[in-house]
$ cat upload.txt   # compact mmCIF, C-alpha atoms
# COMPACT_ATOMS: atom_id res chain seq x y z
CA MET I 1100 1.37 -23.38 -26.28
CA VAL I 1101 2.08 -20.57 -23.85
CA PRO I 1102 3.10 -17.37 -25.65
CA PRO I 1103 6.46 -15.89 -24.63
CA LEU I 1104 6.75 -12.55 -22.86
CA ARG I 1105 7.72 -9.54 -24.93
CA LYS I 1106 9.19 -6.93 -22.61
CA GLN I 1107 12.87 -6.23 -23.03
CA GLY I 1108 15.00 -5.83 -19.96
CA PRO I 1109 17.70 -3.17 -19.58
CA ASP I 1110 20.28 -5.70 -20.79
CA GLY I 1111 18.45 -6.05 -24.09
CA GLY I 1112 17.18 -9.56 -23.35
CA VAL I 1113 13.48 -10.40 -23.25
CA TYR I 1114 11.95 -11.12 -19.84
CA THR I 1115 11.36 -14.83 -19.38
CA ARG I 1116 9.20 -16.77 -16.97
CA ASP I 1117 10.81 -19.12 -14.52
CA GLY I 1118 11.15 -22.63 -15.92
CA LYS I 1119 8.79 -24.03 -13.26
CA ILE I 1120 6.16 -21.44 -14.16
CA GLU I 1121 6.43 -22.32 -17.85
CA ALA I 1122 6.09 -26.02 -17.07
CA ARG I 1123 3.06 -25.49 -14.82
CA LEU I 1124 1.40 -23.28 -17.41
CA ALA I 1125 1.90 -25.95 -20.05
CA GLU I 1126 0.13 -28.42 -17.75
CA LEU I 1127 -2.72 -26.02 -16.94
CA VAL I 1128 -3.61 -25.04 -20.48
CA ALA I 1129 -4.14 -28.73 -21.28
CA LEU I 1130 -6.76 -29.15 -18.52
CA PRO I 1131 -10.53 -28.49 -18.67
CA HIS I 1132 -11.41 -24.90 -17.72
CA ASP I 1133 -13.36 -25.90 -14.60
CA ARG I 1134 -10.38 -27.86 -13.32
CA VAL I 1135 -8.06 -24.92 -13.99
CA VAL I 1136 -10.28 -22.57 -11.98
CA ALA I 1137 -10.55 -25.10 -9.15
CA LEU I 1138 -6.76 -25.43 -8.95
CA CYS I 1139 -6.22 -21.68 -9.13
CA SER I 1140 -8.68 -21.21 -6.28
CA ILE I 1141 -6.39 -23.03 -3.82
CA ILE I 1142 -5.19 -20.40 -1.37
CA ARG I 1143 -2.57 -22.18 0.73
CA ARG I 1144 0.87 -21.98 -0.82
CA GLU I 1145 1.90 -25.18 0.94
CA ASP I 1146 -0.75 -27.16 -0.95
CA PRO I 1147 1.00 -29.31 -3.58
CA ASP I 1148 -1.63 -28.31 -6.16
CA TYR I 1149 -1.27 -24.58 -5.47
CA VAL I 1150 -0.98 -22.56 -8.69
CA PRO I 1151 1.56 -19.72 -8.53
CA SER I 1152 0.14 -16.25 -9.10
CA GLU I 1153 2.41 -15.83 -12.13
CA CYS I 1154 0.42 -18.64 -13.77
CA VAL I 1155 -2.96 -17.23 -12.73
CA LEU I 1156 -2.08 -13.89 -14.25
CA SER I 1157 -0.93 -15.55 -17.45
CA LEU I 1158 -4.24 -17.42 -17.70
CA VAL I 1159 -6.21 -14.22 -17.08
CA ARG I 1160 -4.25 -12.44 -19.80
CA ALA I 1161 -4.88 -15.30 -22.20
CA CYS I 1162 -8.64 -14.61 -21.90
CA ARG I 1163 -8.01 -11.56 -24.08
CA SER I 1164 -8.27 -13.81 -27.10
CA GLY I 1165 -11.46 -15.51 -25.93
CA GLY I 1166 -12.60 -18.42 -23.83
CA PRO I 1167 -15.81 -19.96 -22.54
CA PRO I 1168 -18.42 -17.62 -20.98
CA GLY I 1169 -17.57 -16.67 -17.41
CA HIS I 1170 -14.03 -18.07 -17.53
CA PHE I 1171 -12.40 -14.65 -17.31
CA ASP I 1172 -14.73 -13.65 -14.44
CA ARG I 1173 -13.81 -16.69 -12.37
CA LEU I 1174 -10.09 -16.37 -12.97
CA TYR I 1175 -10.15 -12.62 -12.40
CA ARG I 1176 -11.81 -13.09 -9.00
CA VAL I 1177 -9.01 -15.46 -8.00
CA LEU I 1178 -6.32 -13.10 -9.23
CA ALA I 1179 -7.85 -9.97 -7.68
CA ALA I 1180 -8.17 -11.76 -4.33
CA ARG I 1181 -4.48 -12.65 -4.48
CA VAL I 1182 -3.56 -9.05 -5.23
CA LEU I 1183 -5.65 -7.81 -2.31
CA ARG I 1184 -4.12 -10.38 0.03
CA ALA I 1185 -0.66 -9.12 -0.94
CA LEU I 1186 -1.54 -5.53 -0.07
CA PRO I 1187 -1.50 -3.89 3.37
CA GLY I 1188 -4.26 -5.39 5.48
CA GLY I 1189 -4.21 -8.62 3.49
CA ARG I 1190 -3.47 -10.66 6.58
CA SER I 1191 -6.80 -9.77 8.09
CA ALA I 1192 -10.35 -9.36 6.89
CA LEU I 1193 -10.66 -6.45 9.32
CA GLY I 1194 -10.05 -3.63 6.91
CA GLY I 1195 -11.15 -1.18 9.58
CA THR I 1196 -7.93 -1.70 11.51
CA LEU I 1197 -5.81 -0.17 8.74
CA SER I 1198 -4.33 3.28 9.12
CA LEU I 1199 -5.38 5.95 6.66
CA THR I 1200 -2.02 5.69 4.88
CA GLU I 1201 -2.17 1.92 4.59
CA SER I 1202 -5.73 2.11 3.28
CA ARG I 1203 -4.55 4.50 0.60
CA VAL I 1204 -1.68 2.21 -0.32
CA ARG I 1205 -4.10 -0.71 -0.56
CA GLU I 1206 -6.54 1.17 -2.71
CA GLY I 1207 -3.93 2.86 -4.88
CA ALA I 1208 -2.05 -0.35 -5.63
CA PHE I 1209 -5.24 -2.30 -6.39
CA ASP I 1210 -6.52 0.42 -8.69
CA ARG I 1211 -3.18 0.61 -10.49
CA PHE I 1212 -3.11 -3.13 -11.01
CA ASN I 1213 -6.58 -2.96 -12.53
CA GLU I 1214 -5.51 -0.12 -14.81
CA LEU I 1215 -2.61 -2.22 -16.08
CA LEU I 1216 -4.87 -5.21 -16.59
CA ALA I 1217 -7.49 -3.12 -18.41
CA GLU I 1218 -4.76 -1.82 -20.69
CA ASP I 1219 -3.60 -5.37 -21.34
CA ARG I 1220 -7.10 -6.62 -22.08
CA SER I 1221 -7.49 -3.97 -24.72
CA GLU I 1222 -4.14 -4.73 -26.35
CA TYR I 1223 -1.13 -6.71 -25.14
CA SER I 1224 0.74 -4.52 -22.65
CA GLU I 1225 4.35 -5.33 -21.82
CA ARG I 1226 3.93 -3.57 -18.52
CA LEU I 1227 2.30 -6.66 -17.04
CA ASP I 1228 5.08 -8.96 -18.22
CA TYR I 1229 7.26 -8.67 -15.17
CA PHE I 1230 4.34 -9.70 -12.96
CA GLU I 1231 4.63 -13.07 -14.72
CA VAL I 1232 8.33 -13.20 -13.87
CA ARG I 1233 8.04 -12.40 -10.14
CA PHE I 1234 4.50 -11.62 -9.05
CA ASP I 1235 5.32 -10.77 -5.43
CA GLY I 1236 8.18 -8.47 -6.40
CA ALA I 1237 6.05 -6.66 -8.95
CA ILE I 1238 3.28 -6.21 -6.38
CA ALA I 1239 5.86 -4.87 -3.92
CA HIS I 1240 6.80 -2.32 -6.58
CA LEU I 1241 3.13 -1.35 -6.94
CA ARG I 1242 2.89 -0.98 -3.17
CA LEU I 1243 5.94 1.25 -3.14
CA ASP I 1244 4.54 3.52 -5.87
CA ALA I 1245 1.20 3.71 -4.08
CA ARG I 1246 2.93 4.48 -0.79
CA ARG I 1247 4.88 7.33 -2.33
CA ARG I 1248 1.66 8.79 -3.72
CA ALA I 1249 -0.05 8.40 -0.36
CA TYR I 1250 2.81 10.20 1.40
CA ARG I 1251 2.72 13.01 -1.12
CA GLU I 1252 -1.05 13.37 -0.79
CA GLU I 1253 -0.89 13.54 2.94
CA SER I 1254 1.94 16.10 2.92
CA ARG I 1255 3.14 14.26 5.89
CA ARG I 1256 4.22 16.17 8.92
CA ALA I 1257 7.37 15.06 10.67
CA PRO I 1258 7.39 16.71 14.09
CA LEU I 1259 10.63 15.15 15.25
CA ALA I 1260 12.23 15.01 11.84
CA LEU I 1261 15.49 16.47 10.76
CA GLU I 1262 16.90 16.08 7.32
CA GLY I 1263 19.92 18.35 7.44
CA GLU I 1264 23.21 17.73 9.15
CA ASP I 1265 22.47 20.12 12.00
CA GLY I 1266 18.72 20.24 11.99
CA ALA I 1267 17.94 18.32 15.18
CA SER I 1268 15.15 19.87 17.19
CA GLY I 1269 15.66 20.22 20.91
CA GLU I 1270 12.65 18.03 21.55
CA ALA I 1271 13.98 15.21 19.41
CA GLU I 1272 17.47 15.37 20.88
CA GLU I 1273 16.03 15.20 24.37
CA ALA I 1274 13.86 12.24 23.43
CA ALA I 1275 16.86 10.44 21.97
CA ARG I 1276 18.74 10.84 25.25
CA ASP I 1277 15.86 9.48 27.35
CA PRO I 1278 16.59 6.27 29.22
CA ALA I 1279 15.20 3.55 27.00
CA PRO I 1280 12.22 1.66 28.41
CA PHE I 1281 13.41 -1.36 26.46
CA GLU I 1282 17.15 -0.86 26.29
CA VAL I 1283 18.78 -3.16 23.85
CA ASN I 1284 22.05 -4.50 22.64
CA GLY I 1285 23.58 -5.11 19.24
CA ILE I 1286 21.18 -4.57 16.37
CA ASP I 1287 18.48 -3.18 18.65
CA GLY I 1288 15.90 -5.54 20.01
CA PHE I 1289 13.34 -2.77 19.73
CA LEU I 1290 13.41 -3.31 15.99
CA TYR I 1291 11.33 -6.44 16.41
CA ARG I 1292 8.42 -5.25 18.54
CA PRO I 1293 4.87 -5.76 17.27
CA GLY I 1294 3.32 -2.75 15.57
CA LEU I 1295 6.73 -1.52 14.64
CA ASP I 1296 6.27 -1.54 10.89
CA ALA I 1297 3.56 1.09 11.02
CA ALA I 1298 5.71 3.25 13.31
CA ILE I 1299 8.70 2.90 10.97
CA GLY I 1300 6.46 3.83 8.06
CA ALA I 1301 5.69 7.14 9.77
CA LEU I 1302 9.36 8.12 10.14
CA PRO I 1303 10.95 10.73 7.86
CA PRO I 1304 12.49 9.09 4.75
CA LEU I 1305 16.14 9.25 5.82
CA GLN I 1306 15.42 7.80 9.25
CA ARG I 1307 13.20 5.13 7.74
CA THR I 1308 15.97 4.15 5.33
CA ILE I 1309 18.53 3.93 8.13
CA ILE I 1310 16.28 1.82 10.33
CA GLU I 1311 15.43 -0.52 7.46
CA MET I 1312 19.12 -0.97 6.64
CA LEU I 1313 19.83 -1.72 10.29
CA ARG I 1314 17.06 -4.32 10.19
CA GLN I 1315 18.86 -5.89 7.26
CA GLU I 1316 21.98 -5.88 9.45
CA ILE I 1317 23.91 -3.53 7.21
CA PRO I 1318 26.57 -1.84 9.38
CA ILE I 1319 26.68 1.90 9.89
CA ASP I 1320 30.39 1.99 9.20
CA SER I 1321 33.25 -0.42 8.63
CA LYS I 1322 36.98 -0.31 8.26
CA GLU I 1323 36.96 -3.36 6.02
CA PRO I 1324 37.29 -2.48 2.35
CA GLY I 1325 34.40 -3.39 0.09
CA VAL I 1326 31.82 -3.67 2.87
CA VAL I 1327 28.51 -1.96 2.10
CA THR I 1328 27.82 0.50 4.91
CA ILE I 1329 24.94 2.85 5.63
CA ALA I 1330 27.24 5.86 5.87
CA ALA I 1331 28.84 5.16 2.50
CA VAL I 1332 25.60 4.33 0.65
CA LEU I 1333 23.77 7.38 1.97
CA ASP I 1334 26.87 9.56 1.63
CA ARG I 1335 26.64 10.87 5.19
CA SER I 1336 29.12 10.84 8.03
CA GLU I 1337 28.99 8.04 10.53
CA LYS I 1338 28.09 10.61 13.21
CA THR I 1339 25.14 11.90 11.18
CA ILE I 1340 23.84 8.39 10.62
CA ARG I 1341 24.06 7.64 14.34
CA THR I 1342 22.27 10.89 15.18
CA HIS I 1343 19.41 10.07 12.84
CA ARG I 1344 19.30 6.50 14.11
CA ASP I 1345 18.99 7.78 17.68
CA LEU I 1346 16.25 10.21 16.71
CA ALA I 1347 14.38 7.45 14.90
CA ARG I 1348 14.79 5.21 17.92
CA ALA I 1349 13.37 7.91 20.18
CA THR I 1350 10.40 8.42 17.88
CA LEU I 1351 9.74 4.69 17.66
CA ARG I 1352 10.09 4.28 21.40
CA ALA I 1353 7.54 7.02 21.98
CA ALA I 1354 5.16 5.52 19.40
CA LEU I 1355 5.46 1.97 20.71
CA THR I 1356 5.17 2.77 24.40
CA GLN I 1357 2.13 5.00 24.05
CA GLY I 1358 -0.39 3.76 26.54
CA ASP I 1359 2.12 1.59 28.40
CA ASP I 1360 2.09 3.88 31.40
CA PRO I 1361 -0.53 3.20 34.06
CA MET L 642 21.43 -7.21 -12.95
CA ILE L 643 21.51 -4.34 -15.43
CA HIS L 644 24.07 -3.78 -18.17
CA THR L 645 23.04 -0.42 -19.61
CA PRO L 646 25.39 2.41 -18.60
CA HIS L 647 22.84 4.73 -16.98
CA PRO L 648 19.70 2.81 -16.07
CA SER L 649 16.72 4.79 -14.85
CA GLN L 650 15.33 4.43 -11.35
CA GLU L 651 12.36 2.48 -12.71
CA GLU L 652 14.64 0.09 -14.57
CA VAL L 653 16.69 -0.53 -11.46
CA LEU L 654 13.63 -1.01 -9.25
CA SER L 655 12.00 -3.33 -11.79
CA ALA L 656 15.18 -5.40 -11.99
CA PHE L 657 15.35 -5.59 -8.19
CA ALA L 658 11.65 -6.50 -8.03
CA VAL L 659 12.14 -9.62 -10.17
CA GLU L 660 15.16 -10.86 -8.22
CA PRO L 661 14.29 -14.25 -6.72
CA ASP L 662 15.84 -13.31 -3.39
CA ALA L 663 15.42 -9.75 -2.13
CA GLY L 664 17.43 -10.36 1.05
CA ARG L 665 20.45 -8.59 2.39
CA ARG L 666 22.99 -9.92 -0.14
CA THR L 667 20.89 -8.89 -3.13
CA LEU L 668 20.16 -5.52 -1.58
CA GLU L 669 23.85 -4.92 -0.93
CA ARG L 670 24.67 -5.80 -4.51
CA TYR L 671 22.19 -3.22 -5.79
CA LEU L 672 23.22 -0.59 -3.26
CA ARG L 673 26.82 -0.99 -4.32
CA ALA L 674 25.91 -0.67 -8.00
CA TYR L 675 23.25 2.06 -7.71
CA PRO L 676 23.83 4.14 -4.58
CA GLN L 677 21.92 6.99 -6.24
CA TYR L 678 18.72 4.95 -5.77
CA ALA L 679 19.56 3.73 -2.28
CA GLU L 680 16.45 5.09 -0.58
CA GLU L 681 14.10 3.59 -3.18
CA LEU L 682 15.87 0.24 -3.18
CA VAL L 683 15.70 0.01 0.60
CA GLU L 684 12.01 0.96 0.50
CA LEU L 685 11.31 -1.70 -2.11
CA SER L 686 13.19 -4.26 -0.06
CA ARG L 687 11.05 -3.22 2.92
CA GLU L 688 7.84 -3.67 0.92
CA ARG L 689 8.89 -7.17 -0.06
CA ARG L 690 9.63 -7.99 3.56
CA LEU L 691 6.30 -6.54 4.72
CA MET L 692 4.50 -8.71 2.18
CA GLU L 693 5.82 -11.83 3.86
CA GLY L 694 3.35 -11.16 6.64
CA GLU L 695 0.31 -10.82 4.41
CA GLY L 696 -2.15 -13.63 4.75
CA GLU L 697 -4.17 -16.36 3.21
CA GLY L 698 -7.40 -15.75 5.11
CA PRO L 699 -10.86 -15.04 3.74
CA LEU L 700 -11.53 -11.64 2.22
CA SER L 701 -13.80 -9.12 3.87
CA GLY L 702 -17.19 -8.28 2.41
CA ALA L 703 -15.80 -4.91 1.38
CA ASP L 704 -13.01 -6.61 -0.57
CA GLU L 705 -15.47 -8.92 -2.28
CA ALA L 706 -17.52 -5.88 -3.28
CA ARG L 707 -14.38 -4.19 -4.53
CA ILE L 708 -13.50 -7.15 -6.73
CA GLU L 709 -17.01 -7.30 -8.19
CA ALA L 710 -16.90 -3.57 -8.93
CA ALA L 711 -13.54 -3.91 -10.69
CA LEU L 712 -14.78 -6.97 -12.58
CA GLY L 713 -17.74 -4.94 -13.82
CA VAL L 714 -15.31 -2.41 -15.27
CA HIS L 715 -13.26 -5.12 -17.01
CA ARG L 716 -16.41 -6.63 -18.47
CA GLY L 717 -17.54 -3.22 -19.63
CA ASP L 718 -20.64 -3.25 -17.40
CA SER L 719 -19.74 0.07 -15.82
CA PRO L 720 -17.56 2.89 -17.12
CA ALA L 721 -15.30 3.26 -14.12
CA LEU L 722 -14.78 2.22 -10.56
CA PRO L 723 -17.19 4.07 -8.25
CA ARG L 724 -15.26 7.00 -6.89
CA ASP L 725 -17.82 8.78 -4.74
CA PRO L 726 -20.28 6.59 -2.89
CA LEU L 727 -22.00 9.66 -1.41
CA ALA L 728 -22.69 11.50 -4.64
CA ALA L 729 -25.77 9.64 -5.82
CA LEU L 730 -27.67 9.53 -2.52
CA SER L 731 -31.25 10.79 -2.67
CA VAL L 732 -32.76 12.81 0.17
CA PRO L 733 -34.65 9.80 1.60
CA GLU L 734 -31.45 7.77 1.43
CA LEU L 735 -29.57 10.53 3.23
CA ARG L 736 -32.24 10.49 5.94
CA GLN L 737 -32.03 6.71 6.32
CA LEU L 738 -28.26 6.85 6.45
CA ALA L 739 -28.32 9.47 9.18
CA GLN L 740 -30.77 7.40 11.19
CA ARG L 741 -28.71 4.27 10.82
CA LEU L 742 -25.53 6.03 11.93
CA ALA L 743 -27.34 7.88 14.73
CA VAL L 744 -26.26 11.33 13.59
CA PRO L 745 -28.20 14.40 12.39
CA ARG L 746 -28.50 14.77 8.62
CA GLN L 747 -26.21 17.78 8.65
CA VAL L 748 -23.37 15.46 9.64
CA ILE L 749 -23.92 13.35 6.51
CA THR L 750 -24.18 16.53 4.45
CA ALA L 751 -20.86 17.70 5.86
CA PHE L 752 -19.25 14.42 4.76
CA ARG L 753 -20.84 14.79 1.36
CA GLU L 754 -19.42 18.27 0.96
CA ARG L 755 -15.98 17.21 2.22
CA ARG L 756 -16.13 19.48 5.26
CA VAL L 757 -14.74 16.81 7.57
CA ILE L 758 -11.06 16.00 8.10
CA ALA L 759 -11.03 12.34 7.06
CA ALA L 760 -8.10 11.48 9.36
CA SER L 761 -10.12 12.62 12.39
CA VAL L 762 -12.95 10.16 11.80
CA PRO L 763 -12.77 7.06 14.02
CA ARG L 764 -12.19 3.90 12.04
CA ARG L 765 -15.19 2.21 13.57
CA PHE L 766 -17.51 4.97 12.40
CA LEU L 767 -15.91 4.88 8.96
CA ALA L 768 -16.42 1.11 8.77
CA ASP L 769 -20.10 1.51 9.77
CA PHE L 770 -20.48 4.34 7.30
CA ALA L 771 -18.96 2.30 4.46
CA GLY L 772 -21.09 -0.69 5.41
CA ALA L 773 -24.26 1.42 5.26
CA LEU L 774 -23.23 2.65 1.82
CA HIS L 775 -22.44 -0.89 0.64
CA CYS L 776 -19.01 0.17 -0.50
CA PRO L 777 -15.43 -0.73 0.47
CA ALA L 778 -14.02 1.37 3.31
CA GLU L 779 -11.11 2.33 1.03
CA ALA L 780 -13.49 3.79 -1.55
CA LEU L 781 -15.18 5.91 1.10
CA LEU L 782 -11.83 7.04 2.51
CA SER L 783 -10.62 7.93 -0.93
CA ALA L 784 -13.77 9.90 -1.68
CA LEU L 785 -13.55 11.80 1.61
CA GLY L 786 -9.94 12.70 0.88
CA GLY L 787 -10.82 14.22 -2.49
CA PRO L 788 -12.54 17.46 -3.51
CA PRO L 789 -16.33 17.75 -3.29
CA PRO L 790 -18.14 16.86 -6.51
CA SER L 791 -19.11 20.03 -8.34
CA SER L 792 -22.65 18.78 -8.77
CA LEU L 793 -22.94 18.72 -5.02
CA ALA L 794 -21.89 22.30 -4.51
CA ARG L 795 -24.64 24.00 -2.59
CA SER L 796 -26.21 27.01 -4.25
CA TYR L 797 -26.03 30.27 -2.40
CA LYS L 798 -28.49 33.11 -2.87
CA SER L 799 -26.10 35.67 -1.51
CA GLU L 800 -24.85 38.24 -3.98
CA VAL L 801 -21.30 37.87 -2.71
CA LYS L 802 -19.18 34.88 -3.50
CA PRO L 803 -19.42 32.42 -0.63
CA GLU L 804 -16.21 31.55 1.17
CA THR L 805 -15.13 27.95 1.13
CA GLU L 806 -15.75 26.34 4.48
CA GLN L 807 -12.65 24.85 6.01
CA PRO L 808 -12.85 21.18 6.97
CA VAL L 809 -13.27 20.51 10.67
CA THR L 810 -12.57 17.51 12.83
CA PHE L 811 -15.25 14.88 13.30
CA GLU L 812 -15.51 15.83 16.97
CA ARG L 813 -16.02 19.51 16.10
CA LEU L 814 -18.70 18.51 13.61
CA LEU L 815 -20.56 16.54 16.28
CA LEU L 816 -20.27 19.43 18.71
CA ASP L 817 -21.59 21.90 16.14
CA ALA L 818 -24.45 19.53 15.37
CA GLY L 819 -25.48 19.73 19.02
CA LEU L 820 -24.95 16.11 19.99
CA SER L 821 -24.86 15.29 23.68
CA ALA L 822 -21.60 14.36 25.36
CA GLU L 823 -22.80 10.78 25.66
CA ALA L 824 -23.72 10.54 21.98
CA ARG L 825 -20.41 12.10 20.99
CA ALA L 826 -18.47 9.66 23.13
CA ALA L 827 -20.26 6.73 21.52
CA LEU L 828 -19.54 7.99 18.01
CA LEU L 829 -15.93 8.85 18.78
CA ALA L 830 -15.12 5.43 20.21
CA GLU L 831 -12.49 3.71 18.09
CA GLY L 832 -13.64 0.16 18.83
CA GLN L 833 -11.47 -2.88 18.29
$ encode --input "upload.txt" --output "structure tokens"
Amino acid sequence: MVPPLRKQGPDGGVYTRDGKIEARLAELVALPHDRVVALCSIIRREDPDYVPSECVLSLVRACRSGGPPGHFDRLYRVLAARVLRALPGGRSALGGTLSLTESRVREGAFDRFNELLAEDRSEYSERLDYFEVRFDGAIAHLRLDARRRAYREESRRAPLALEGEDGASGEAEEAARDPAPFEVNGIDGFLYRPGLDAAIGALPPLQRTIIEMLRQEIPIDSKEPGVVTIAAVLDRSEKTIRTHRDLARATLRAALTQGDDP
Amino acid sequence: MIHTPHPSQEEVLSAFAVEPDAGRRTLERYLRAYPQYAEELVELSRERRLMEGEGEGPLSGADEARIEAALGVHRGDSPALPRDPLAALSVPELRQLAQRLAVPRQVITAFRERRVIAASVPRRFLADFAGALHCPAEALLSALGGPPPSSLARSYKSEVKPETEQPVTFERLLLDAGLSAEARAALLAEGQ
């Protein structure tokens, strides 16, 4: 019997696991412990026996009420490895290639996850419940919180930034007018160059938001009623959005073409 | 979606986080409903997209060490995750560390006393440093970014209160330590 979650959502209803997760958990708890650990240790998501992380977390939490010696340790190692793989740098074992900010995000999110788990091991904590509903989404939320803390800690400088309506620096405006080394059409081909995510991460918040919305193909403006637009959501004029977009593009261009010149 | 009249930012972000599809349509739905949290929603959507690129490969040795350290805390073996891998080094260990990293001891001491700007340290040196300390690179980075441990504060015999030394770049530190241009170049190399 898999115990139900307890956390209440904003609509008053209790969070529930996906039906497939519930069914898989029911299968897993009926298996010998060694077999459970072996299945949970499968890394490739395409493997038909792969156990979703929501299930692994549920099994780890269940160790609170006991289990054979070493069972928690083995399951925890599997779970912690999955958390680390979902954090910045998880695609590579070369941790040394991470930027300082990304390293802080990685460390901050991992530490926070362990704090939540420690809390839950002491006494059931509802704060882990939504990880059993959508593990990846909950980890993304952890990453976001850790990223905000990292930005605050670093008191990030923004040399080409402008946040106000008329705050453009001369340097940034000039950069934005530069002939583009990779001129693009439509939604901006430059948005898909390698290494771009790190460069976007270093933009000032407003510019980062605009660029991310453009990547999601949300239009800057629209005459059609009911269409979600960047200008309307951010409550700025279309002209202001375009100015910030151009400044962001200039900054990204400079960051991505560093070292391109002979 | 949320049905309370004035949901908090955390409630909205948590609801968005558990959406099965965090793509454009879902994002638009949330932006329309909660424009006051637009920046955070877009950032969370970005994090979910960035995660799609994270991998399934083997973990690094540093990550394995990190997991074992955290496991020790959960089991109650150790009171907390190690926060400062430099704090407990004995003098002989400091000497060995300096030899291994090919720097004078004063360079290690400067790291220990947080007199180095962490962002100026080449990643390759940091990785070597962390490896020599048998700790994850993130733990070392975190320690270097924090204040010096009070137990490590050097005692001064002067009658006036000593001024706090301002952190310097790694390159400045090497220069002040009298390293040759060749040695500095080797230590400042970023590597691959």
$ atom_distance --input "upload.txt" --atom1 "atom CA of I:Leu1313" --atom2 "atom CA of I:Glu1201"
23.0 Å
$ residues_near_point --input "upload.txt" --point "(-10.6, -8.9, -13.1)" --cutoff "10 Å" --atoms "only C-alpha atoms" --output "number ranges by chain"
I: 1156, 1159-1160, 1171-1180, 1212-1213, 1216-1217, 1220; L: 708-716
$ atom_distance --input "upload.txt" --atom1 "atom CA of L:Gly819" --atom2 "atom CA of L:His775"
27.8 Å
$ closest_residue --input "upload.txt" --among "I:Ile1309, I:Leu1138, I:Ile1329, I:Ile1238" --to "I:Val1155" --atoms "only C-alpha atoms"
I:Leu1138
$ residues_around --input "upload.txt" --residues "L:Phe811" --least-positions-apart "3" --cutoff "6 Å" --atoms "all atoms listed in the file" --output "ChimeraX atom specification"
/L:761-762,814
$ residues_around --input "upload.txt" --residues "I:Asp1334" --least-positions-apart "5" --cutoff "12 Å" --atoms "only C-alpha atoms" --output "ChimeraX atom specification"
/I:1264,1305,1309,1319-1320,1327-1329,1339-1340 /L:672,676-680
$ residues_around --input "upload.txt" --residues "L:Met692" --least-positions-apart "4" --cutoff "12 Å" --atoms "only C-alpha atoms" --output "PyMOL selection string"
(chain I and resi 1181-1190+1234-1243+1296) or (chain L and resi 663+685-688+696-697)
$ closest_residue --input "upload.txt" --among "I:Ala1249, I:Val1204, I:Asp1345, I:Ser1164" --to "I:Ser1221" --atoms "all atoms listed in the file"
I:Ser1164
$ closest_residue --input "upload.txt" --among "I:Arg1246, I:Arg1251, I:His1132, I:Arg1348" --to "chain L" --atoms "all atoms listed in the file"
I:Arg1246
$ residues_around --input "upload.txt" --residues "I:Ala1245" --least-positions-apart "6" --cutoff "9 Å" --atoms "all atoms listed in the file" --output "list in words"
Arg1203, Val1204, Arg1205, Glu1206, Gly1207, Ala1208 and Arg1211 of chain I
$ axis_aligned_box --input "upload.txt" --around "stretch 1300-1312 of chain I" --padding-each-side "3 Å" --output "AutoDock Vina command-line options"
--center_x 12.4 --center_y 4.9 --center_z 7.5 --size_x 19.4 --size_y 17.7 --size_z 11.6
$ closest_residue --input "upload.txt" --among "I:Arg1352, I:Arg1163, I:Arg1143, I:Arg1341" --to "chain L" --atoms "only C-alpha atoms"
I:Arg1143
$ atom_distance --input "upload.txt" --atom1 "atom CA of I:Arg1233" --atom2 "atom CA of L:Val659"
5.0 Å
